[in-house]
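**Q** Below is protein-v8.txt; it holds compact mmCIF, C-alpha atoms.
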```txt
# COMPACT_ATOMS: atom_id res chain seq x y z
CA MET D 24 27.58 41.01 30.22
CA MET D 25 30.00 39.20 32.51
CA ASN D 26 29.86 35.39 32.34
CA ASP D 27 29.24 33.12 35.35
CA ILE D 28 32.83 31.93 35.73
CA LYS D 29 34.18 35.45 35.80
CA LEU D 30 31.49 36.53 38.23
CA ASN D 31 32.36 33.61 40.53
CA ASP D 32 36.03 34.67 40.43
CA TYR D 33 35.06 38.17 41.45
CA LEU D 34 32.85 36.87 44.24
CA ASN D 35 35.62 34.57 45.50
CA ASP D 36 38.08 37.46 45.64
CA TYR D 37 35.55 39.52 47.52
CA GLY D 38 34.86 36.66 49.93
CA LYS D 39 38.56 36.31 50.72
CA ALA D 40 39.15 40.02 51.08
CA TYR D 41 36.24 40.59 53.39
CA SER D 42 36.49 37.62 55.71
CA VAL D 43 37.28 39.40 58.92
CA GLU D 44 38.45 38.06 62.24
CA PRO D 45 37.03 39.63 65.39
CA SER D 46 39.36 41.98 67.24
CA ARG D 47 40.44 41.24 70.81
CA LYS D 48 38.49 44.28 71.98
CA LEU D 49 35.28 43.05 70.37
CA VAL D 50 35.65 39.59 71.89
CA ASP D 51 36.27 41.12 75.33
CA ASN D 52 33.24 43.41 75.01
CA ILE D 53 30.99 40.53 73.98
CA MET D 54 32.30 38.23 76.70
CA ALA D 55 31.63 40.98 79.26
CA ILE D 56 27.91 41.13 78.38
CA PRO D 57 26.79 38.59 81.05
CA HIS D 58 28.53 40.71 83.72
CA GLU D 59 27.05 43.98 82.49
CA VAL D 60 23.59 43.11 81.24
CA GLU D 61 20.92 41.76 83.54
CA GLN D 62 19.12 38.70 82.26
CA LYS D 63 15.44 39.44 82.72
CA SER D 64 13.34 36.84 84.49
CA MET D 65 10.11 35.57 82.93
CA ILE D 66 7.90 37.31 85.51
CA SER D 67 8.88 40.77 86.55
CA TRP D 68 8.08 41.93 90.05
CA LYS D 69 8.89 45.55 89.29
CA ILE D 70 5.89 47.84 89.68
CA THR D 71 7.00 49.94 86.67
CA ASP D 72 6.97 46.87 84.39
CA TRP D 73 3.43 46.07 85.51
CA CYS D 74 2.35 49.68 85.00
CA LEU D 75 3.82 49.65 81.50
CA PHE D 76 2.03 46.39 80.79
CA LEU D 77 -1.33 47.24 82.33
CA VAL D 78 -1.87 50.99 81.71
CA PRO D 79 -2.25 50.86 77.90
CA ARG D 80 -4.42 47.75 78.09
CA LEU D 81 -6.69 49.14 80.78
CA SER D 82 -6.97 52.47 78.95
CA GLY D 83 -7.98 50.64 75.78
CA LEU D 84 -10.53 48.56 77.64
CA THR D 85 -12.01 51.62 79.38
CA ALA D 86 -12.21 53.53 76.10
CA ALA D 87 -13.92 50.57 74.45
CA CYS D 88 -16.44 50.28 77.32
CA VAL D 89 -17.22 54.01 77.30
CA LEU D 90 -17.67 53.98 73.55
CA GLY D 91 -19.89 50.90 73.81
CA LEU D 92 -22.09 52.53 76.48
CA TYR D 93 -22.37 55.73 74.46
CA MET D 94 -23.22 53.97 71.22
CA GLY D 95 -25.62 51.64 72.99
CA SER D 96 -27.53 54.46 74.63
CA ALA D 97 -27.67 56.48 71.38
CA GLY D 98 -29.01 53.43 69.59
CA SER D 99 -31.89 52.89 72.02
CA ALA D 100 -32.84 56.61 71.84
CA ALA D 101 -32.97 56.37 68.05
CA LEU D 102 -35.20 53.35 68.35
CA ALA D 103 -37.53 55.20 70.71
CA GLU D 104 -37.87 58.03 68.19
CA ASP D 105 -38.82 55.52 65.50
CA GLU D 106 -41.37 53.99 67.77
CA LEU D 107 -42.85 57.42 68.55
CA ALA D 108 -43.13 58.24 64.87
CA GLU D 109 -44.87 54.94 64.28
CA ILE D 110 -47.36 55.61 67.06
CA GLU D 111 -48.08 59.10 65.65
CA ALA D 112 -48.67 57.64 62.19
CA ASP D 113 -51.09 55.07 63.64
CA LEU D 114 -53.01 57.81 65.39
CA PHE D 115 -53.25 59.80 62.14
CA VAL D 116 -54.69 56.81 60.31
CA ALA D 117 -57.11 56.09 63.12
CA GLU D 118 -58.43 59.70 63.13
CA ASN D 119 -59.27 59.59 59.39
CA ALA D 120 -61.22 56.60 58.27
CA THR D 121 -59.85 56.79 54.74
CA ILE D 122 -56.11 56.71 54.26
CA VAL D 123 -55.12 60.22 53.39
CA ILE D 124 -51.54 61.09 53.21
CA ASP D 125 -50.48 64.32 54.79
CA ALA D 126 -50.31 67.34 52.50
CA ASP D 127 -46.56 67.49 53.09
CA ALA D 128 -46.26 63.99 51.72
CA GLU D 129 -47.40 65.26 48.31
CA THR D 130 -44.59 67.74 48.29
CA LEU D 131 -42.24 64.99 49.22
CA LEU D 132 -43.43 62.91 46.28
CA ASP D 133 -42.96 65.86 43.97
CA VAL D 134 -39.50 66.34 45.22
CA GLU D 135 -38.79 62.67 44.67
CA GLU D 136 -40.04 62.91 41.08
CA PHE D 137 -37.90 65.97 40.60
CA ILE D 138 -34.88 64.16 41.87
CA PHE D 139 -35.30 61.03 39.83
CA VAL D 140 -36.35 62.60 36.58
CA GLU D 141 -33.98 61.60 33.86
CA GLU D 142 -32.82 64.13 31.37
CA PRO D 143 -33.27 63.02 27.76
CA ALA D 144 -29.99 62.12 26.11
CA GLN D 145 -28.77 64.80 23.76
CA MET R 182 30.73 14.44 76.07
CA GLY R 183 32.69 16.79 73.82
CA THR R 184 31.68 20.40 73.51
CA ASP R 185 30.83 19.90 69.83
CA ALA R 186 28.14 17.40 70.77
CA ILE R 187 26.24 20.09 72.64
CA THR R 188 23.89 21.78 70.22
CA ASP R 189 23.43 25.52 70.00
CA GLU R 190 19.86 25.08 71.18
CA ASP R 191 21.07 23.24 74.32
CA LEU R 192 23.52 26.04 74.93
CA MET R 193 20.69 28.57 74.69
CA LEU R 194 18.77 26.67 77.34
CA ARG R 195 21.82 26.69 79.60
CA ILE R 196 22.38 30.40 78.95
CA GLY R 197 18.77 30.90 80.01
CA GLU R 198 19.76 29.47 83.37
CA GLY R 199 22.58 32.01 83.57
CA ASP R 200 25.41 29.70 82.47
CA GLN R 201 28.23 31.96 81.32
CA THR R 202 30.40 29.09 80.05
CA ALA R 203 27.63 28.13 77.66
CA TYR R 204 27.46 31.74 76.54
CA SER R 205 31.24 31.78 75.86
CA MET R 206 30.94 28.60 73.82
CA LEU R 207 28.15 30.08 71.73
CA VAL R 208 30.17 33.26 71.15
CA ASN R 209 33.18 31.23 70.04
CA ARG R 210 31.05 29.27 67.61
CA HIS R 211 29.20 32.14 65.97
CA LEU R 212 31.05 35.42 66.38
CA SER R 213 33.52 35.12 63.53
CA MET R 214 31.05 33.85 60.95
CA ASN R 215 28.40 36.42 61.78
CA LEU R 216 30.87 39.28 61.99
CA GLY R 217 31.87 38.45 58.42
CA TYR R 218 28.22 38.40 57.44
CA ALA R 219 27.44 41.75 59.06
CA THR R 220 30.58 43.30 57.57
CA LYS R 221 29.57 42.17 54.10
CA LEU R 222 26.02 43.42 54.54
CA LEU R 223 27.07 46.80 55.88
CA GLY R 224 30.42 47.23 54.12
CA ASN R 225 31.73 48.71 57.34
CA ARG R 226 33.73 46.94 60.02
CA ALA R 227 32.99 49.33 62.92
CA GLU R 228 29.24 49.18 62.33
CA ALA R 229 29.39 45.40 62.02
CA GLU R 230 31.15 45.16 65.39
CA GLU R 231 28.43 47.27 67.00
CA VAL R 232 25.81 45.03 65.43
CA MET R 233 27.52 41.93 66.83
CA GLN R 234 27.60 43.38 70.34
CA GLU R 235 23.90 44.20 70.16
CA ALA R 236 23.15 40.75 68.71
CA PHE R 237 24.89 38.98 71.59
CA ILE R 238 23.11 41.20 74.12
CA ARG R 239 19.89 39.88 72.57
CA VAL R 240 21.17 36.30 72.84
CA TRP R 241 21.88 36.81 76.54
CA LYS R 242 18.52 38.46 77.22
CA HIS R 243 16.42 36.22 74.98
CA ALA R 244 17.89 32.93 76.22
CA ILE R 245 15.53 32.91 79.19
CA ARG R 246 12.57 32.86 76.83
CA TRP R 247 14.09 30.29 74.45
CA ASP R 248 11.46 27.67 73.80
CA PRO R 249 12.81 24.32 72.52
CA ALA R 250 9.26 23.24 71.66
CA ARG R 251 9.23 25.75 68.81
CA LYS R 252 12.05 23.80 67.11
CA THR R 253 13.70 27.00 65.91
CA LYS R 254 17.33 26.54 64.92
CA PHE R 255 19.64 28.90 66.76
CA THR R 256 21.64 29.71 63.60
CA THR R 257 18.48 30.71 61.73
CA TRP R 258 17.24 32.85 64.61
CA PHE R 259 20.64 34.47 65.09
CA TYR R 260 21.09 35.24 61.39
CA ARG R 261 17.65 36.89 61.48
CA VAL R 262 18.68 39.03 64.47
CA VAL R 263 21.91 40.09 62.76
CA THR R 264 20.14 40.76 59.45
CA ASN R 265 17.50 42.94 61.07
CA LEU R 266 20.07 44.86 63.08
CA CYS R 267 22.08 45.47 59.89
CA TYR R 268 18.95 46.73 58.11
CA ASP R 269 18.30 49.09 61.03
CA VAL R 270 21.84 50.47 60.82
CA GLY R 271 21.48 50.87 57.05
CA ARG R 272 18.21 52.77 57.47
CA LYS R 273 19.72 55.14 60.04
CA ARG R 274 22.59 56.03 57.72
CA LYS R 275 22.39 59.30 55.87
CA PRO R 276 21.83 58.69 52.15
CA GLN R 277 25.05 60.35 51.03
CA GLU R 278 27.12 58.72 53.76
CA LYS R 279 29.82 56.57 52.21
CA VAL R 280 31.19 53.66 54.14
CA GLU R 281 34.86 53.19 54.71
CA ILE R 282 36.97 50.88 52.60
CA LEU R 283 37.59 47.65 54.42
CA GLU R 284 40.95 46.12 55.03
CA THR R 285 42.47 44.60 51.98
CA ILE R 286 44.33 41.42 51.23
CA ALA R 287 48.05 41.53 51.81
CA SER R 288 49.25 37.98 51.45
CA ASP R 289 52.89 36.89 51.27
CA GLU R 290 51.96 34.27 48.70
CA MET R 291 50.70 36.81 46.20
CA SER R 292 52.71 39.20 44.13
CA ALA R 293 52.12 42.90 44.64
CA GLU R 294 50.36 43.11 41.27
CA ASN R 295 48.06 40.26 42.19
CA VAL R 296 47.24 41.84 45.52
CA ILE R 297 46.34 45.11 43.83
CA ALA R 298 44.21 43.33 41.23
CA VAL R 299 42.34 41.25 43.83
CA ASN R 300 41.76 44.28 46.05
CA GLN R 301 40.48 46.27 43.09
CA ARG R 302 38.09 43.49 42.10
CA SER R 303 36.88 43.10 45.68
CA GLU R 304 36.21 46.79 45.91
CA GLN R 305 34.24 46.65 42.64
CA VAL R 306 32.17 43.74 43.94
CA LYS R 307 31.56 45.56 47.23
CA GLU R 308 30.30 48.64 45.41
CA ALA R 309 28.20 46.54 43.06
CA LEU R 310 26.64 44.64 45.98
CA GLU R 311 25.72 47.92 47.64
CA GLU R 312 23.81 48.93 44.53
CA LEU R 313 21.64 45.82 44.71
CA PRO R 314 18.28 45.89 46.48
CA HIS R 315 18.54 44.72 50.13
CA ARG R 316 16.90 41.36 49.56
CA GLN R 317 19.09 40.40 46.60
CA HIS R 318 22.19 41.56 48.48
CA THR R 319 21.25 39.51 51.56
CA ALA R 320 20.39 36.41 49.51
CA ILE R 321 23.74 36.47 47.71
CA ILE R 322 25.72 36.91 50.91
CA LEU R 323 23.85 34.17 52.75
CA CYS R 324 24.16 31.64 49.95
CA TYR R 325 27.57 32.42 48.45
CA PHE R 326 29.59 33.59 51.43
CA GLN R 327 27.93 32.14 54.51
CA GLY R 328 27.45 28.74 52.90
CA LEU R 329 23.77 28.42 53.75
CA SER R 330 21.55 26.22 51.62
CA ASN R 331 18.78 27.93 49.69
CA ARG R 332 16.22 26.56 52.15
CA GLU R 333 18.14 27.85 55.17
CA ALA R 334 18.62 31.25 53.56
CA ALA R 335 14.89 31.39 52.78
CA GLU R 336 14.14 30.65 56.44
CA VAL R 337 16.50 33.39 57.59
CA MET R 338 14.91 35.88 55.22
CA GLU R 339 11.42 34.59 56.03
CA VAL R 340 10.51 34.14 52.37
CA SER R 341 9.52 31.14 50.29
CA LEU R 342 12.14 29.01 48.58
CA ASN R 343 10.95 30.23 45.17
CA ALA R 344 11.29 33.84 46.23
CA LEU R 345 14.80 33.23 47.52
CA GLU R 346 15.84 31.57 44.27
CA SER R 347 14.38 34.48 42.36
CA TYR R 348 16.41 36.93 44.50
CA LEU R 349 19.54 34.93 43.77
CA VAL R 350 19.01 34.80 40.02
CA ARG R 351 18.12 38.49 39.74
CA GLY R 352 20.89 39.44 42.13
CA ARG R 353 23.55 37.60 40.11
CA ARG R 354 22.24 39.07 36.86
CA ASN R 355 22.25 42.60 38.26
CA LEU R 356 25.69 42.10 39.75
CA ALA R 357 27.08 40.90 36.43
CA ASP R 358 25.49 43.91 34.67
CA ILE R 359 26.92 46.41 37.15
CA LEU R 360 30.38 44.85 37.09
CA SER R 361 30.56 44.70 33.30
CA ASP R 362 29.44 48.35 33.10
CA GLU R 363 32.15 49.32 35.57
CA LYS R 364 34.72 47.32 33.64
CA SER R 365 33.83 48.90 30.32
CA SER R 366 33.89 52.41 31.77
CA LEU R 367 37.29 51.66 33.31
CA LEU R 368 38.58 50.45 29.95
CA LYS R 369 37.26 53.62 28.31
CA GLU R 370 39.09 55.75 30.87
CA ILE R 371 42.35 53.90 30.24
CA GLY R 372 41.88 53.96 26.47
```
Take the structure in this file and express it as structure tokens.

**A**
Amino acid sequence: MMNDIKLNDYLNDYGKAYSVEPSRKLVDNIMAIPHEVEQKSMISWKITDWCLFLVPRLSGLTAACVLGLYMGSAGSAALAEDELAEIEADLFVAENATIVIDADAETLLDVEEFIFVEEPAQ
Amino acid sequence: MGTDAITDEDLMLRIGEGDQTAYSMLVNRHLSMNLGYATKLLGNRAEAEEVMQEAFIRVWKHAIRWDPARKTKFTTWFYRVVTNLCYDVGRKRKPQEKVEILETIASDEMSAENVIAVNQRSEQVKEALEELPHRQHTAIILCYFQGLSNREAAEVMEVSLNALESYLVRGRRNLADILSDEKSSLLKEIG
């Protein structure tokens, strides 16, 4: 592997070889920038700039609001269904003095047992 | 008050007010140094000149938003602009695209043999630098050729001081490896 002194020599040679001076053309082009390029003011009064600024933000806001309304309404409907089910269950209990679970519930329990049965290890 | 007493940051504020003399002063101060930097990063003079034009367009446009309260140093900000523009140019290049060989030393003080040897070594270093990962390449150029302190280079690259030092150490090690490999293969070819 090359030692540090040798590497520094190589880097010095490279530094000398590649130190470039700007050409006249480049300097002229760069000096011409203030004449050719408009310096933008802090607040733009162009309608297109405002459209570009506002349209994506307003679209995002509208989308968020619509989504919020949709989700909100779906949520309350789901809650109403729960409430209905609860009321039905109360009625069922009230009709029968003793607590008897619906015949379907038995099936459900069976299914649950079937699902959670563990197979003996082989 | 001499022109040297005016800081770059003051000049930026004046450029923000549309002062073209301030702009010329800033160009005179930073063009040469940063052109060298861009040329070393890209290995291509024409691309480096394009980068410098774009960088000074950004200076002119950005000056109006220059905020002295942020205490950003102009040199740091400008190096960042040039570095990012160079990275963009590098990314747009086709993978197999080879960059041109830069101008070479032709000094009256050196013998023809010396000139050839120095040019050959410079070309080897250029090729070796191009093989390094971007970050290591940038760190070496900022610290060894642009004369920035490690802390300043870390600020330009937006990394911690430790990370910068690690890039430098690994970069030098890789560079030495590549150059010694090239040297040994050259010796084999001659032998």

**Q** Could you give me, as a ChimeraX atom specification, the residues that sit within 12 Å of (21.0, 40.4, 49.5) in the file's coordinates, counting only C-alpha atoms?

**A** /R:218-219,221-223,264,267-268,307,309-327,334-335,337-338,345-353,355-356

**Q** Can you work out the spacing between CA of Asp32 (chain D) and CA of Ser330 (chain R) in Å, to one decimal?

**A**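 So the answer is 20.2 Å.
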
**Q** For chain D, work out the contacting residues on chain R at 7 Å, counting all atoms listed in the file, and write them as a PDB file with C-alpha atoms, in the frame of the given file.

**A**
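Output file result_5.pdb follows:
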```pdb
ATOM      1  CA  GLN R 201      28.230  31.960  81.320  1.00  0.00           C
ATOM      2  CA  SER R 205      31.240  31.780  75.860  1.00  0.00           C
ATOM      3  CA  SER R 213      33.520  35.120  63.530  1.00  0.00           C
ATOM      4  CA  GLY R 217      31.870  38.450  58.420  1.00  0.00           C
ATOM      5  CA  LYS R 221      29.570  42.170  54.100  1.00  0.00           C
ATOM      6  CA  GLU R 230      31.150  45.160  65.390  1.00  0.00           C
ATOM      7  CA  GLN R 234      27.600  43.380  70.340  1.00  0.00           C
ATOM      8  CA  PHE R 237      24.890  38.980  71.590  1.00  0.00           C
ATOM      9  CA  ILE R 238      23.110  41.200  74.120  1.00  0.00           C
ATOM     10  CA  TRP R 241      21.880  36.810  76.540  1.00  0.00           C
ATOM     11  CA  LYS R 242      18.520  38.460  77.220  1.00  0.00           C
ATOM     12  CA  ILE R 245      15.530  32.910  79.190  1.00  0.00           C
ATOM     13  CA  THR R 285      42.470  44.600  51.980  1.00  0.00           C
ATOM     14  CA  ILE R 286      44.330  41.420  51.230  1.00  0.00           C
ATOM     15  CA  VAL R 299      42.340  41.250  43.830  1.00  0.00           C
ATOM     16  CA  ARG R 302      38.090  43.490  42.100  1.00  0.00           C
ATOM     17  CA  SER R 303      36.880  43.100  45.680  1.00  0.00           C
ATOM     18  CA  VAL R 306      32.170  43.740  43.940  1.00  0.00           C
ATOM     19  CA  PHE R 326      29.590  33.590  51.430  1.00  0.00           C
ATOM     20  CA  ALA R 357      27.080  40.900  36.430  1.00  0.00           C
ATOM     21  CA  ASP R 358      25.490  43.910  34.670  1.00  0.00           C
ATOM     22  CA  SER R 361      30.560  44.700  33.300  1.00  0.00           C
TER      23      SER R 361
END
```

**Q** Calculate how many Å separate CA of Trp247 (chain R) from CA of Gly328 (chain R), rounding to one decimal.

**A**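 Rounded to one decimal, the two atoms are 25.4 Å apart.
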
**Q** In Å to one decimal, how far is CA of Val263 (chain R) from CA of Pro249 (chain R)?

**A**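 If I compute the distance from CA of Pro249 (chain R) to CA of Val263 (chain R), I get 20.7 Å.
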
**Q** In terms of the shortest atom-to-atom distance over only C-alpha atoms, which of R:Gln305, R:Asn300, R:Thr256, R:Asn331 is closest to Asn215 (chain R)?

**A** R:Thr256
